[in-house]
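First up is the structure itself, then whatever we jot down about it.
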Amino acid sequence: MEILKNLSGIPSENDTWTYIITHYRLPKAITAVLVGSGLSVCGLFMQTLFRNPMAGPYVLGISSGASLGVALLIMGTSILGGQYLALGNNQIATVIAGILGALAILITVMTVSGYIKNTMALLIIGLMFGSFTTAIISILSYFSSAQNLQQYMFWSFGSLGNTGWSALPILSGIYILCLLWAIPNIKSLNALLLGENYAKSLGLSIPSTRNQILMITGVLTGVITAFAGPIAFVGLAVPHITKMLLQTSNHKVLFPAVLLMGAIIMLICDTIAQVPNAAFVLPINAITSLFGAPVVIWLLLKKRKLS
Amino acid sequence: MTKKNVPILSSKNLVIGYKKKSVKSVVAKDLDLELQGGELVCLLGKNGIGKSTLLRTLTGVQPALAGEIRLKKALLQDITRQHVARKIAVVLTEKPETGNFSVYELVALSRHPYTNWMGTLKKEDKKEIELALEQTDLSVLRDRKVDELSDGQLQRVMICRALAQNTELIILDEPTAHLDIQHKIETFHLLKKLARELDKCILISTHEIQLALQIADVIWLMNEQGIYSGPPEKLIENDHVSRLFDNTLIHFDKNNLQFHISDTQIKTV
């Protein structure tokens with residue numbers, strides 16, 4: 001009741017509550033919606049493009065790219081002898097580093113994809129880039145100071161709470177642009193389900209469609225990861241959960257459904273991470289995997305088939 | 001042969017094959033081919049002779065090394081892919097990953113070249129889909145999930161999908177592979193019926209030589225020398241069929257259209 005009052009602008013007796021809700025909980029909830037739905041849609045697109053149920057925003061190494069950017073920023077300063085705080089005033093710097101890292105990997109993958117016609121090979125190259133960046137991050141961690149390592153660890157746990165009102169316009173702006181760009185591709189995604197050769201026979205330009213989808217997922221994943229850290233599981237699992245619940249492969253239905261499902265699941269995970277009546281917040285990354293993985297396994301056992 | 005209308009598809013001095021960097025490897029050359037409406041054309045040839053390469057070249061997926069291909073009067077390479085999609089439909093050997101689609105939804109994908117950017121099905125699209133479902137006797141299966149279909153049914157659905165694309169030419173790559181003899185015959189029969197009744201040209205590559213010789217209007221025999229095309233009786237008479245496999249192990253019996261292991265070879269075993 002008190003929450004509704006605050007949201008509708010009626011002055012509450014409790015100023016602290018008002019402050020917490022409007023300055024912390026509300027932007028956090030919006031971030032959860034954007035992150036959850038954004039990552040899920042990226043996962044759906046990747047799974048269709050690569051015809052691989054294991055695909056997700058991670059596969060192209062884009063998340064790893066963002067991680068690398070952030071790692072270079074946080075731990076690179078440590079090697080140069082400085083001390084860096086990922087949170088607080090330096091958040092914008094973290095975000096920019098994350099986006100740059102994601103874009104760097106995205107551009108590399110897209111350049112390579114120009115030479116390689118085979119989509120499956122592209123998937124493997126993406127995975128290789130992922131391992132490569134992880135290795136660099138390990139080396140950086142080895143040489144960096146304890147404080148900076150801790151800063152990086154906190155970022156990599158994932159957090160929805162770091163996006164204040166000041167950062168939300170950037171995140172939501174890019175989010176909306178990506179989704180608008182995605183809508184004309186829904187038709188092509190359905191055709192792609194037939195396989196690339198059939199899609200070609202229907203007049204679809206495979207390189208153009210592929211590049212557009214790579215761009216959309218790359219930018220969206222990059223930005224989300226930069227803001228909220230590398231959030232596991234959601235991008236892979238939500239499309240599967242949605243497909244199993246709705247029993248359809250039609251992207252015209254799946255696209256809005258996956259958006260909705262991603263938002264809902266992320267909000268639930270966030271609520272759990274908040275731990276009612278406790279003074280601490282669990283890392284969101286742990287929650288998404290801890291509660292999500294069993295759900296997927298359970299669904300699989302029930303259905304015995306992944307599509 | 002009597003002079004008919006402008007062929008749906010024709011080729012002149014066509015050379016097919018692969019080009020890697022500047023090295024060309026020619027699969028077949030000097031191909032002068034013609035496809036007319038109302039005909040069921042069967043492309044025969046042994047494995048690796050280049051049947052798939054030919055089909056891919058004719059659909060414009062793979063560029064020709066030389067020569068020209070015309071769709072009606074226009075050169076194939078001048079036509080945009082989207083426009084080609086309204087002229088040629090294909091049925092491939094690969095299995096689509098559309099398990100969760102209903103038969104209707106899968107067939108509806110054929111309307112891709114005609115629908116707007118959102119893929120909305122208009123009245124005319126729905127009419128074409130209904131018509132194709134009817135012609136392939138699939139109306140009862142329309143709401144069935146593609147996952148639940150047998151191989152024979154799935155092949156029928158893929159033919160239906162190609163049909164709903166409403167093209168003058170349908171090209172099928174080995175449509176009867178994996179099917180039992182009943183479904184093989186049913187498929188051939190269906191294709192023949194569609195060609196006849198809808199005045200479409202249907203070109204298939206197949207290893208079912210006997211069936212093809214019985215039912216096809218025109219046979220394309222592909223071997224190392226090129227392609228011999230003509231009605232089945234003529235190709236049998238001219239011994240083109242018997243020379244399809246240049247191996248002394250194989251003997252072609254003209255009377256019952258069968259390939260045998262040569263008698264002389266059996267004795268030597």
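A note on labels: chains of the structure tokens are A, B, ... as shown, every chain counts residues from 1, and ligands are counted from 1 in their shown order.
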Tell me, as a PyMOL selection string, which residues lie within 12 Å of range 177-186 of chain B, counting only C-alpha atoms; anything in the same chain fewer than 2 positions away does not count. chain B and resi 92-95+136-137+150-156+172-175+188-193+204-212+214-215
DSSP on the backbone, strand (DSSP E) only: what residues of range 39-266 of chain B does that give? Format it as a PyMOL selection string. chain B and resi 40-44+66-71+74-75+88-91+169-173+201-205+218-223+226-230+250-253+258-261
Taking N, CA and C atoms for each residue, export the selection above as a tab-separated table (two decimals), in the first residue's frame.
```tsv
chain	number	residue	atom	x	y	z
B	40	LEU	N	6.74	-32.90	-66.22
B	40	LEU	CA	7.52	-33.42	-65.12
B	40	LEU	C	8.86	-33.87	-65.69
B	41	VAL	N	9.92	-33.21	-65.28
B	41	VAL	CA	11.24	-33.50	-65.82
B	41	VAL	C	12.07	-34.18	-64.74
B	42	CYS	N	12.66	-35.33	-65.08
B	42	CYS	CA	13.48	-36.04	-64.10
B	42	CYS	C	14.94	-36.00	-64.52
B	43	LEU	N	15.77	-35.54	-63.61
B	43	LEU	CA	17.21	-35.48	-63.86
B	43	LEU	C	17.85	-36.73	-63.27
B	44	LEU	N	18.44	-37.54	-64.16
B	44	LEU	CA	19.07	-38.78	-63.72
B	44	LEU	C	20.58	-38.70	-63.91
B	66	ALA	N	29.92	-19.95	-67.04
B	66	ALA	CA	29.77	-19.27	-68.33
B	66	ALA	C	28.40	-19.62	-68.89
B	67	GLY	N	28.05	-18.95	-69.96
B	67	GLY	CA	26.76	-19.22	-70.59
B	67	GLY	C	25.65	-18.46	-69.91
B	68	GLU	N	24.43	-18.70	-70.37
B	68	GLU	CA	23.33	-17.93	-69.79
B	68	GLU	C	22.16	-18.81	-69.39
B	69	ILE	N	21.44	-18.34	-68.38
B	69	ILE	CA	20.20	-18.98	-67.96
B	69	ILE	C	19.12	-17.91	-68.06
B	70	ARG	N	18.03	-18.26	-68.69
B	70	ARG	CA	16.94	-17.29	-68.79
B	70	ARG	C	15.69	-17.82	-68.11
B	71	LEU	N	15.03	-16.93	-67.35
B	71	LEU	CA	13.71	-17.22	-66.81
B	71	LEU	C	12.76	-16.51	-67.73
B	74	ALA	N	14.01	-13.09	-69.40
B	74	ALA	CA	14.99	-12.31	-68.64
B	74	ALA	C	16.16	-13.19	-68.19
B	75	LEU	N	17.34	-12.60	-68.15
B	75	LEU	CA	18.51	-13.33	-67.68
B	75	LEU	C	18.41	-13.52	-66.17
B	88	ILE	N	10.69	-19.45	-58.91
B	88	ILE	CA	11.19	-20.81	-58.65
B	88	ILE	C	11.02	-21.14	-57.17
B	89	ALA	N	10.39	-22.29	-56.90
B	89	ALA	CA	10.33	-22.79	-55.53
B	89	ALA	C	11.16	-24.06	-55.46
B	90	VAL	N	11.71	-24.37	-54.31
B	90	VAL	CA	12.55	-25.56	-54.21
B	90	VAL	C	12.12	-26.45	-53.05
B	91	VAL	N	12.41	-27.73	-53.19
B	91	VAL	CA	12.31	-28.67	-52.08
B	91	VAL	C	13.69	-29.30	-51.96
B	169	LEU	N	7.83	-22.76	-61.72
B	169	LEU	CA	8.79	-23.85	-61.72
B	169	LEU	C	9.05	-24.31	-60.28
B	170	ILE	N	8.98	-25.61	-60.08
B	170	ILE	CA	9.35	-26.17	-58.76
B	170	ILE	C	10.49	-27.14	-58.98
B	171	ILE	N	11.55	-26.97	-58.24
B	171	ILE	CA	12.72	-27.85	-58.37
B	171	ILE	C	12.87	-28.65	-57.10
B	172	LEU	N	12.95	-29.96	-57.23
B	172	LEU	CA	13.07	-30.82	-56.04
B	172	LEU	C	14.35	-31.64	-56.13
B	173	ASP	N	15.11	-31.62	-55.07
B	173	ASP	CA	16.35	-32.38	-55.03
B	173	ASP	C	16.10	-33.70	-54.31
B	201	CYS	N	5.97	-26.43	-64.28
B	201	CYS	CA	7.06	-27.32	-64.64
B	201	CYS	C	7.68	-27.82	-63.35
B	202	ILE	N	7.84	-29.12	-63.24
B	202	ILE	CA	8.44	-29.69	-62.05
B	202	ILE	C	9.70	-30.45	-62.45
B	203	LEU	N	10.82	-30.01	-61.91
B	203	LEU	CA	12.10	-30.64	-62.22
B	203	LEU	C	12.61	-31.33	-60.96
B	204	ILE	N	12.87	-32.64	-61.06
B	204	ILE	CA	13.40	-33.33	-59.89
B	204	ILE	C	14.67	-34.08	-60.24
B	205	SER	N	15.57	-34.16	-59.28
B	205	SER	CA	16.69	-35.05	-59.45
B	205	SER	C	16.35	-36.31	-58.67
B	218	VAL	N	9.81	-35.73	-69.56
B	218	VAL	CA	11.13	-35.52	-70.15
B	218	VAL	C	12.17	-36.05	-69.16
B	219	ILE	N	13.19	-36.69	-69.71
B	219	ILE	CA	14.30	-37.14	-68.87
B	219	ILE	C	15.54	-36.34	-69.22
B	220	TRP	N	16.25	-35.90	-68.21
B	220	TRP	CA	17.58	-35.34	-68.43
B	220	TRP	C	18.58	-36.37	-67.94
B	221	LEU	N	19.34	-36.94	-68.86
B	221	LEU	CA	20.35	-37.92	-68.48
B	221	LEU	C	21.69	-37.22	-68.37
B	222	MET	N	22.27	-37.26	-67.21
B	222	MET	CA	23.52	-36.54	-67.02
B	222	MET	C	24.66	-37.52	-66.89
B	223	ASN	N	25.66	-37.39	-67.76
B	223	ASN	CA	26.88	-38.17	-67.59
B	223	ASN	C	28.09	-37.29	-67.93
B	226	GLY	N	27.83	-34.78	-70.76
B	226	GLY	CA	26.87	-33.68	-70.69
B	226	GLY	C	25.50	-34.22	-70.38
B	227	ILE	N	24.48	-33.53	-70.90
B	227	ILE	CA	23.11	-33.95	-70.61
B	227	ILE	C	22.38	-34.30	-71.90
B	228	TYR	N	21.76	-35.47	-71.92
B	228	TYR	CA	20.88	-35.82	-73.03
B	228	TYR	C	19.47	-35.64	-72.52
B	229	SER	N	18.67	-34.84	-73.22
B	229	SER	CA	17.29	-34.69	-72.77
B	229	SER	C	16.34	-35.18	-73.84
B	230	GLY	N	15.22	-35.68	-73.39
B	230	GLY	CA	14.22	-36.17	-74.32
B	230	GLY	C	13.21	-37.01	-73.60
B	250	ILE	N	27.18	-53.47	-64.90
B	250	ILE	CA	25.75	-53.14	-64.96
B	250	ILE	C	25.21	-53.32	-66.37
B	251	HIS	N	24.05	-53.93	-66.43
B	251	HIS	CA	23.41	-54.14	-67.72
B	251	HIS	C	21.98	-53.63	-67.63
B	252	PHE	N	21.54	-52.89	-68.66
B	252	PHE	CA	20.18	-52.35	-68.65
B	252	PHE	C	19.27	-53.18	-69.53
B	253	ASP	N	18.17	-53.64	-68.94
B	253	ASP	CA	17.20	-54.43	-69.68
B	253	ASP	C	16.11	-53.50	-70.20
B	258	GLN	N	14.89	-52.28	-66.33
B	258	GLN	CA	15.61	-52.58	-65.10
B	258	GLN	C	17.11	-52.67	-65.33
B	259	PHE	N	17.82	-52.27	-64.31
B	259	PHE	CA	19.27	-52.48	-64.32
B	259	PHE	C	19.58	-53.81	-63.64
B	260	HIS	N	20.46	-54.61	-64.26
B	260	HIS	CA	20.86	-55.89	-63.68
B	260	HIS	C	22.36	-55.90	-63.50
B	261	ILE	N	22.81	-56.87	-62.69
B	261	ILE	CA	24.22	-57.19	-62.72
B	261	ILE	C	24.43	-58.02	-63.97
```
Give me the residues near range 186-190 of chain A as a PyMOL selection string, where near means some atom within 10 Å (using only C-alpha atoms) and where sequence neighbours in that chain fewer than 2 positions away do not count. (chain A and resi 44-45+48-49+181-184+192-195+199+202-206+209-210+213+249-255) or (chain B and resi 98+101+105-106+109+112+115-120)
Rank nothing, just name the residue among A:Ala191, A:Ile99, A:Ile30, A:Ile136 nearest to chain B, using only C-alpha atoms.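 Closest residue, counting only C-alpha atoms: A:Ala191.
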Between A:Pro53, A:Gly235, A:Gly126, A:Gly36, which is the closest to chain B once you count only C-alpha atoms? A:Pro53
Mind pulling up the distance from CA of Lys254 in chain B to CA of Leu235 in chain B? 10.5 Å
If you run DSSP on the backbone here, which positions in range 63-275 of chain A get alpha helix (DSSP H)? Please write them as a PyMOL selection string. chain A and resi 63-79+91-115+119-143+146-157+168-182+186-192+196-201+206-228+234-246+251-274
Could you pull the residues within 9 Å of Val33 in chain A, counting only C-alpha atoms, minus those fewer than 2 positions along the same chain, as a compact mmCIF listing (two decimals) with C-alpha atoms, in the first residue's frame?
```txt
# COMPACT_ATOMS: atom_id res chain seq x y z
CA LYS A 28 16.29 -1.17 -10.25
CA ALA A 29 12.98 -2.71 -11.27
CA ILE A 30 13.09 -0.92 -14.62
CA THR A 31 16.65 -2.13 -15.14
CA VAL A 35 18.03 -6.49 -18.81
CA GLY A 36 15.81 -9.56 -18.56
CA SER A 37 13.83 -8.94 -21.72
CA GLY A 38 16.83 -7.67 -23.68
CA LEU A 259 10.30 -10.10 -23.93
CA LEU A 260 7.57 -10.52 -21.35
CA GLY A 262 12.44 -12.33 -19.67
CA ALA A 263 11.17 -9.31 -17.78
CA ILE A 264 9.08 -11.43 -15.41
CA ILE A 265 11.85 -13.92 -14.67
CA MET A 266 14.38 -11.18 -14.09
CA LEU A 267 12.03 -9.39 -11.69
```
Two-atom distance - CA of Ile224 in chain A, CA of Thr119 in chain A (Å):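 Separating CA of Ile224 in chain A from CA of Thr119 in chain A is a distance of 24.6 Å.
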With a cut-off of 8 Å, could you pull out the residues of range 115-207 of chain A touching range 22-26 of chain A and give me the nearest pair of atoms for each, distance in Å to one decimal, using only C-alpha atoms, ordered by chain and ascending number, as a Markdown table?
```
| residue | atom | partner | partner_atom | distance |
| --- | --- | --- | --- | --- |
| A:Gly161 | CA | A:Tyr24 | CA | 7.1 |
| A:Gly164 | CA | A:His23 | CA | 7.1 |
| A:Trp165 | CA | A:His23 | CA | 7.3 |
```
For N, CA and C atoms, I'd like the residues from the last selection saved as a short mmCIF file (atom, residue, chain, number, x, y, z; two decimals), in the first residue's frame.
```
data_model
loop_
_atom_site.label_atom_id
_atom_site.label_comp_id
_atom_site.auth_asym_id
_atom_site.auth_seq_id
_atom_site.Cartn_x
_atom_site.Cartn_y
_atom_site.Cartn_z
N GLY A 161 21.29 -2.99 -9.50
CA GLY A 161 21.11 -1.81 -8.67
C GLY A 161 22.05 -0.66 -8.99
N GLY A 164 21.33 4.07 -11.88
CA GLY A 164 20.49 5.10 -11.29
C GLY A 164 19.68 5.78 -12.37
N TRP A 165 18.93 6.80 -11.98
CA TRP A 165 18.12 7.53 -12.96
C TRP A 165 18.98 8.14 -14.05
#
```
